[in-house]
Amino acid sequence: MSIEDAIVARMTGYAGLAALVSSRIYAVQAPQNPTLPYIVFERVSSSKISLMSADTDVSEARFQFTCYGSTYTSARNVVEQVRQCWQRYSGTVSSVVILDTEIETDQDEFDPDTKEYYSIMDIMITHRE
């Protein structure tokens with residue numbers, strides 16, 4: 001399993017998120033005309049961790065989670081559940097060992113073309129490959 005598969009499994013299995021978005025969690029791009037609210041996530045960057053000039057099986061990846069809603073409150077409720085799902089999380093999900101997570105950034109936006117509110121959260125996920 002990939003870290004992306006583990007992300008989807010963790011988030012769809014987290015009750016607070018499942019109550020709001022069900023399984024509407026998409027990698028990189030949402031389908032056309034998705035039901036609100038929903039989440040799109042993507043890998044922003046990643047790097048392998050080396051120790052004493054040797055490679056390890058540990059990677060650190062920054063993922064961006066964009067939480068869409070029909071209202072500001074809806075988008076904020078979803079991003080707050082993303083925060084609770086990932087805040088300092090460690091464990092094994094779908095055979096992927098997640099060592100640590102750290103919330104990096106949180107911001108709010110509005111798209112005047114689609115009339116959708118969205119909140120963006122960046123999370124660093126340290127995991128074994």
# chains A, B, ... in the order shown; residues from 1 in each chain; ligands from 1
$ residues_around --residues "Met11 (chain A)" --least-positions-apart "3" --cutoff "8 Å" --atoms "only C-alpha atoms" --output "JSON, numbers by chain"
{"A": [7, 8, 14, 17, 18, 25, 82, 85]}
$ select_by_dssp --residues "region 43-105 of chain A" --states "strand (DSSP E)" --output "ChimeraX atom specification"
/A:43-51,54-69,91-93,96-105
$ closest_residue --among "A:Leu99, A:Phe41, A:Ser47, A:Thr56" --to "Ser119 (chain A)" --atoms "only C-alpha atoms"
A:Phe41
$ residues_around --residues "Ala19 (chain A)" --least-positions-apart "3" --cutoff "12 Å" --atoms "only C-alpha atoms" --output "count of residues only"
14
$ atom_distance --atom1 "CA of Ile3 (chain A)" --atom2 "CA of Met121 (chain A)"
17.4 Å
$ atom_distance --atom1 "CA of Gly69 (chain A)" --atom2 "CA of Phe110 (chain A)"
9.8 Å
$ select_by_dssp --residues "chain A" --states "helix (DSSP H, G or I)" --output "count of residues only"
32
$ atom_distance --atom1 "CA of Arg76 (chain A)" --atom2 "CA of Phe63 (chain A)"
18.0 Å
$ residues_around --residues "Glu129 (chain A)" --least-positions-apart "4" --cutoff "9 Å" --atoms "only C-alpha atoms" --output "PyMOL selection string"
chain A and resi 2-3+57-59+96-97
$ write_last_selection --atoms "N, CA and C atoms" --output "mmCIF file, in the first residue's frame"
data_model
loop_
_atom_site.group_PDB
_atom_site.id
_atom_site.type_symbol
_atom_site.label_atom_id
_atom_site.label_comp_id
_atom_site.auth_asym_id
_atom_site.auth_seq_id
_atom_site.Cartn_x
_atom_site.Cartn_y
_atom_site.Cartn_z
ATOM 1 N N SER A 2 0.368 2.290 -0.613
ATOM 2 C CA SER A 2 1.071 3.570 -0.655
ATOM 3 C C SER A 2 0.600 4.460 0.489
ATOM 4 N N ILE A 3 1.358 5.515 0.734
ATOM 5 C CA ILE A 3 0.942 6.477 1.753
ATOM 6 C C ILE A 3 -0.380 7.127 1.349
ATOM 7 N N ASP A 57 14.408 3.738 5.548
ATOM 8 C CA ASP A 57 13.111 3.493 4.909
ATOM 9 C C ASP A 57 12.072 4.522 5.357
ATOM 10 N N VAL A 58 12.533 5.637 5.908
ATOM 11 C CA VAL A 58 11.639 6.672 6.414
ATOM 12 C C VAL A 58 11.586 7.842 5.433
ATOM 13 N N SER A 59 10.365 8.281 5.150
ATOM 14 C CA SER A 59 10.146 9.447 4.290
ATOM 15 C C SER A 59 9.301 10.461 5.035
ATOM 16 N N VAL A 96 0.774 0.572 6.164
ATOM 17 C CA VAL A 96 1.731 1.678 6.123
ATOM 18 C C VAL A 96 1.949 2.177 7.549
ATOM 19 N N VAL A 97 3.212 2.219 7.978
ATOM 20 C CA VAL A 97 3.544 2.687 9.318
ATOM 21 C C VAL A 97 3.734 4.198 9.265
#
$ closest_residue --among "A:Val21, A:Ala61, A:Ala54, A:Ala75" --to "Glu42 (chain A)" --atoms "only C-alpha atoms"
A:Ala61
